[in-house]
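Right, one structure below, let's go through it.
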Amino acid sequence: MKTVRAAVSRISGMFARDRRDSELQAELESHVQMHVDDYLRSGMSPQEARRQALLKLGSVEKVTEAYREQRGLPFLETLAQDLRFAFRSMRKNAGFTCIALLTLALGIGANTALFSVVNGVLLNPLPYPDSEHLAILFSQSKNFEQGQSVSYPNYLDWERQNKSFTWMAAFRDDDWNQTGQSEAERLHGYMVSSGFFSTLGVVPVIGRTILPDEDRIGGAPVVMIGQGLWQRKFGSSPNILRKTMILNGVGYTIVGVVPASFHLYSGDNTEIYVPIGQWNDPTFLNRRVGMGMRVLARLKPGVGLEQARSDMDGIARNLAAAYPESNSGSGVSVMRLKDDMVRGIGSTLFVLLGAVGFVLLIACTNVANLLLARSTGRTREFAVRSALGASQSRLVRQLLTESALLGLIGGGIGLIIAAEGTKPLIAALPHALPRSREIGVDSRVLLFTFSVSIAAGILFGLVPAFKAWRTNLQESLKEGGRGSSGTRHRAQNAFVILEMAVALVLLVGSGLMIRSLVRLLGVNPGFDAHNVLTFNVTMPPAFMSDAQHIRTALRQVRDAVRNTAGVQAASLIAGSLPMNGDSELPFWLQGQPKPANDSEMNWALFYLAEPGYRQAMGTPLLRGRFITDADTEKSTPVVVIDEFLANKFFPNGDAIGKRLNLGILELQPEIVGIVGHVKHWGLDTDSQNKIQAQVYFPLVQVPDKFLPLLTSGVGVVLRSRNEPMSLLPSIRHSISQINSEHVIYGSQTLEEIVSDSLADRRFAMVLLGVFAGLALLLSSIGIYGVISYLVGQRIQEIGTRMALGAQRRDVMQLILGRGVLLAAIGVCVGALLAVALTRQMRSMIYGVSAADPVTFLGVSLLLMLVAVAACYVPARRAMRVDPMMALRYE
Amino acid sequence: MGEKEVRQGTLALMVLKTLESMGTLHGYGIARRIEQISGDLLSVNYGTLYPALLKLEQEGYIASEWGVSENNRRAKYYRLTRAGKKQVERETQDWHETTAILARFLAPEESQ
């Protein structure tokens with residue numbers, strides 16, 4: 001009670017100061033008067049009485065000051081005072097303030113931007129309720145260590161038998177042709193099981209989700225649509241429910257709208273959700289085939305990942321016993337959904353976060369240096385203030401208030417830069433980041449920026465504050481006041497060395513990334529990506545009624561493409577496309593015993609191709625022949641293998657003429673040729689994948705029963721004489737000549753595909769490059785500032801030297817030498833630091849050692865050059881010193 | 001000079017006690033009274049007296065109002081509140097205990 005009362009009274013004491021001050025003055029005055037009265041009574045003369053009374057009272061100022069401190073909250077009042085003073089002094093030194101603020105804004109802005117990325121991608125939970133309970137399940141076997149898509153029958157058994165999950169759901173990507181409403185359109189979406197949205201905890205905007213009764217063969221065809229599609233096609237009409245939508249020629253009843261905020265792995269373009277259980281394709285229902293299906297699950301409360309894993313392991317063992325051919329040696333991998341989504345990006349982001357922290361360190365050092373230089377001019381100001389009674393802690397507090405204010409304003413500007421700059425940066429580097437939609441400024445980012453700003457302010461403010469603490473009052477008050485210039489020089493030198501060292505670390509980091517990327521771009525992928533275009537075509541169901549129709553339709557498309565002017569070679573493709581999509585088949589050699597189960601089989605990437613494929617892709621033919629027009633659905637099945645398969649299975653070089661047993665397809669094609677190996681899994685990581693063998697099988701020889709799988713979209717790859725994208729309009733035209741409902745989608749040049757496969761590296765390289773550039777800029781400003789300051793301090797000395805006969809060259813050498821020495825020490829320290837730190841980048845670099853001497857030497861030279869250039873400007877000024885002018889000041 | 005400054009922390013109690021015995025009094029009167037009671041051994045530092053008065057007022061132990069002195073001078077008069085009366089008792093009690101304890105510490109060795 002007492003403290004509350006006192007607090008209220010003290011806070012109110014902060015206001016109406018003048019009235020309260022005058023009241024105290026009156027009280028003290030009456031005090032003196034009464035005192036004087038007493039003295040008068042005791043017989044003193046009036047003057048003497050007043051003098052004695054005032055002596056007894058002591059300094060009225062001191063009493064007032066003590067009284068004021070008791071009256072209000074001195075901490076807040078001092079703070080307000082310091083802030084007012086800081087603002088005033090910032091306005092007075094506009095140049096200094098601008099440079100300091102800009103430096104800090106860049107440093108803090110870059111940190112905020114990167115932290116908002118780390119926050120959005122790694123730290124924030126996924127945007128689903130209780131998302132930490134969400135898991136993703138894959139099949140796993142020795143050929144597919146990273147996990148492989150799940151076969152539908154296996155999923156059904158998992159769902160039925162598990163005891164660890166409240167919900168389990170299957171989903172796979174697919175595309176649909178929507179017709180019957182304006183122009184035919186290709187829509188991307190998911191086939192999902194009925195529990196899909198319940199597993200994720202997503203509630204439809206209107207309508208309902210898919211019912212279990214609809215999630216089976218023969219169920220009523222229903223569809224859920226995305227909110228985006230609902231707005232775009234149906235004007236967000238609430239009457240949309242129970243309307244029919246034609247997808248791939250079949251009428252689906254719309255039952256619900258999925259909120260726009262919902263997204264899973266793929267980006268924003270998922271607009272269709274249909275029941276997966278209605279798909280009656282025999283290959284999909286084959287336990288041995290995955291068809292790109294993944295499984296989501298929600299852990300029961302209190303069930304951990306380990307418990308779920310052992311539960312699923314048990315189920316996998318049961319299934320292996322029941323279905324040895326497909327399931328022997330096959331397990332289940334269970335991992336958190338979030339971990340799978342952000343797989344592999346964490347280490348890169350943390351390296352980048354470290355790098356951007358270094359940029360801030362340089363920025364802080366620069367500002368500390370500026371403050372230090374400025375504090376020279378303020379030494380006398382502080383000396384005078386402390387002579388007037390300001391305590392040292394009071395002065396330090398004021399200095400820290402000033403620097404914290406600088407930090408906060410700089411941070412505020414930085415926040416704006418980050419908020420405005422992050423989105424375009426992410427948009428410029430697509431495919432590089434998962435969850436990029438969720439990146440933004442939230443309360444955690446704000447808190448981060450605030451803390452960083454304050455911390456930065458205190459960090460760079462400490463040095464001048466420390467100096468103020470140690471300042472010798474007497475020395476400073478003397479004329480000139482050069483008392484502590486020694487310590488200042490030492491501190492400035494140390495700062496420059498630190499800046500140079502840190503800048504070198506960043507330069508080495510970005511240098512290594514650039515060298516890696518150059519190396520990677522120099523890697524031969526096994527094909528020639530220049531002037532190659534790929535896209536997909538879908539055809540209306542009328543063209544797909546039976547195998548014969550499908551073959552005719554495919555041929556029509558191929559011919560239309562092939563006959564378009566400017567096309568050199570073209571082929572329909574299905575199965576795999578390098579760096580874009582993969583499809584694997586088990587195989588064994590003819591004449592050898594069939595392996596007991598799929599896990600014991602050899603696996604190969606398989607490419608369905610046509611004769612034009614080799615020329616279109618530019619894959620070299622090593623032996624025999626490629627697929628030709630003579631290979632038809634009626635002729636002997638043939639296959640072309642890559643050199644890896646040839647070397648591994650036919651080390652005697654006698655592959656041609658032998659036969660392969662292709663599982664699933666149930667064919668024994670004859671090997672007719674060998675082509676070069678293609679780096680299917682990416683330029684950098686191809687060799688890390690277990691599945692290296694590659695087979696090319698003629699598209700026309702695909703057995704009839706598998707042809708319907710091609711109806712959901714067949715690919716085209718073509719080589720053009722000129723820029724391939726420019727051909728697209730005429731190809732579109734040729735294909736629409738066949739039928740107006742043919743849809744072309746997903747067009748990409750092969751060069752884009754190769755480039756996208758390096759997107760995460762490029763992302764890291766660009767960011768590290770930007771940070772290193774910033775570091776270079778800031779540190780060169782830093783060394784420039786220090787050398788300029790040095791020249792200013794030594795101008796009389798230089799003048800004296802020149803008067804005594806020193807040549808301009810000597811002066812130049814003196815100044816430049818100083819800069820070069822500092823930079824060289826910085827570079828050496830930085831090189832040592834870099835050796836220690838670049839080890840963290842090992843997973844990000846390719847084809848160069850983390851201690852690559854070329855990079856180290858190159859960036860050291862660059863840094864030295866920039867440092868010399870930065871020192872050259874003040875050195876020239878020193879050279880031009882007029883000895884007479886300089887001496888006159890002495 | 002043989003005068004001592006008032007020990008920290010004891011001034012408040014002296015002020016309260018003075019007001020308890022004298023009723024309403026102004027700042028100068030309080031100071032003079034403390035000095036007289038101490039037999040002029042203590043000297044009240046006005047730099048601490050007025051902040052101390054303010055603190056006691058903020059804590060609600062004393063209240064103040066402007067009045068006119070016997071010599072017809074305008075002065076601010078302080079008086080004890082009810083909370084202040086209780087506080088005097090409490091503080092007095094505390095002080096006695098403290099001095100008793102301290103006395104034992106300071107007492108010659110053999111008397112223990």
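FYI, nothing fancy with the structure tokens labels: chains A, B, ... in order, residues from 1 per chain, ligands from 1 as they appear.
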Report task. Please return, as a ChimeraX atom specification, all residues of chain B lying within 8 Å of chain A when only C-alpha atoms are considered. Result -> /B:27-28,45-48,50-51,54-55,58-60,73-76
Atoms to include: C-alpha atoms. Write the selected residues as an mmCIF file, in the first residue's frame.
```cif
data_model
loop_
_atom_site.group_PDB
_atom_site.id
_atom_site.type_symbol
_atom_site.label_atom_id
_atom_site.label_comp_id
_atom_site.auth_asym_id
_atom_site.auth_seq_id
_atom_site.Cartn_x
_atom_site.Cartn_y
_atom_site.Cartn_z
ATOM 1 C CA GLY B 27 10.534 22.496 8.330
ATOM 2 C CA TYR B 28 12.699 25.044 10.083
ATOM 3 C CA ASN B 45 21.476 19.108 6.825
ATOM 4 C CA TYR B 46 18.666 20.831 4.971
ATOM 5 C CA GLY B 47 19.763 19.118 1.765
ATOM 6 C CA THR B 48 18.490 15.909 3.383
ATOM 7 C CA TYR B 50 13.400 18.482 2.782
ATOM 8 C CA PRO B 51 13.735 15.364 0.626
ATOM 9 C CA LEU B 54 8.817 14.766 0.956
ATOM 10 C CA LYS B 55 9.475 11.055 1.216
ATOM 11 C CA GLN B 58 4.752 10.422 -0.228
ATOM 12 C CA GLU B 59 4.530 7.431 2.085
ATOM 13 C CA GLY B 60 1.535 8.969 3.806
ATOM 14 C CA ARG B 73 5.593 34.385 7.957
ATOM 15 C CA ARG B 74 4.049 32.049 5.424
ATOM 16 C CA ALA B 75 5.349 28.530 6.046
ATOM 17 C CA LYS B 76 4.521 24.965 5.174
#
```
Query - Residue contacts of His26 (chain B) (9 Å, only C-alpha atoms) excluding same-chain residues fewer than 5 positions away, as a VMD selection string - result: (chain A and resid 31) or (chain B and resid 31 64 67 69 75 to 79)
Store the residues picked out above in a file with N, CA and C atoms, as a PDB file, in the first residue's frame.
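Dumped to selection22.pdb:
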```
ATOM      1  N   HIS A  31      12.003  29.250   5.238  1.00  0.00           N
ATOM      2  CA  HIS A  31      12.953  28.628   6.151  1.00  0.00           C
ATOM      3  C   HIS A  31      14.086  29.602   6.476  1.00  0.00           C
TER       4      HIS A  31
ATOM      5  N   ALA B  31      13.815  21.200  12.219  1.00  0.00           N
ATOM      6  CA  ALA B  31      15.272  21.150  12.247  1.00  0.00           C
ATOM      7  C   ALA B  31      15.793  21.696  13.573  1.00  0.00           C
ATOM      8  N   SER B  64       0.919  17.894   4.831  1.00  0.00           N
ATOM      9  CA  SER B  64       1.418  19.267   4.943  1.00  0.00           C
ATOM     10  C   SER B  64       0.363  20.241   4.449  1.00  0.00           C
ATOM     11  N   GLY B  67       0.620  27.549   6.087  1.00  0.00           N
ATOM     12  CA  GLY B  67      -0.002  28.295   7.183  1.00  0.00           C
ATOM     13  C   GLY B  67       0.820  29.548   7.478  1.00  0.00           C
ATOM     14  N   SER B  69       3.208  31.628  10.361  1.00  0.00           N
ATOM     15  CA  SER B  69       3.985  31.364  11.576  1.00  0.00           C
ATOM     16  C   SER B  69       3.695  32.425  12.630  1.00  0.00           C
ATOM     17  N   ALA B  75       4.484  29.716   5.951  1.00  0.00           N
ATOM     18  CA  ALA B  75       5.349  28.530   6.046  1.00  0.00           C
ATOM     19  C   ALA B  75       4.518  27.272   5.809  1.00  0.00           C
ATOM     20  N   LYS B  76       5.219  26.229   5.420  1.00  0.00           N
ATOM     21  CA  LYS B  76       4.521  24.965   5.174  1.00  0.00           C
ATOM     22  C   LYS B  76       4.581  24.148   6.460  1.00  0.00           C
ATOM     23  N   TYR B  77       3.386  23.786   6.977  1.00  0.00           N
ATOM     24  CA  TYR B  77       3.335  23.081   8.252  1.00  0.00           C
ATOM     25  C   TYR B  77       3.112  21.592   8.022  1.00  0.00           C
ATOM     26  N   TYR B  78       3.837  20.806   8.780  1.00  0.00           N
ATOM     27  CA  TYR B  78       3.695  19.348   8.671  1.00  0.00           C
ATOM     28  C   TYR B  78       3.038  18.836   9.920  1.00  0.00           C
ATOM     29  N   ARG B  79       2.206  17.761   9.739  1.00  0.00           N
ATOM     30  CA  ARG B  79       1.633  17.097  10.921  1.00  0.00           C
ATOM     31  C   ARG B  79       1.609  15.597  10.669  1.00  0.00           C
TER      32      ARG B  79
END
```
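CA of Met802 (chain A) is found 6.0 Å from CA of Pro883 (chain A).
Running DSSP on the backbone and keeping only strand (DSSP E), the residues of region 506-604 of chain A that qualify are Val532, Leu533, Thr534, Phe535, Asn536, Val537, Thr538, Val567, Gln568, Ala569, Ala570, Ser571, Leu572, Ile573, Ala574, Gly575, Glu584, Leu585, Pro586, Phe587, Trp588, Leu589, Asn602, Trp603 and Ala604 of chain A.
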Query raised in the report: DSSP on the backbone: what in region 227-399 of chain A comes out helix (DSSP H, G or I), as a ChimeraX atom specification?
Result: /A:227-234,238-240,276-278,305-322,324-327,337-341,345-387,392-399
Query - Distance query Leu13 (chain B) at most 12 Å, only C-alpha atoms, self and fewer than 3 positions along chain excluded, as a PyMOL selection string - result: chain B and resi 6-10+16-20+30+34+49+52-53+56+61-62+80+84-95
Query raised in the report: Got a sec: who's within 12 Å of Ser436 (chain A), counting only C-alpha atoms, leaving out chain neighbours fewer than 5 positions off, as a ChimeraX atom specification?
Result: /A:116-122,124,126,263-268,341-342,345,422-431
Report task. Would you kindly return, as a ChimeraX atom specification, each protein, DNA or RNA residue with an atom no farther than 7 Å from any atom of region 808-816 of chain A, considering only C-alpha atoms and excluding same-chain residues fewer than 3 positions away? Result -> /A:819-820,868,871-872,875-876,878-879
Query raised in the report: In Å to one decimal, how far is CA of Gln398 (chain A) from CA of Val384 (chain A)?
Result: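 For CA of Val384 (chain A) relative to CA of Gln398 (chain A), the distance reads 14.6 Å.
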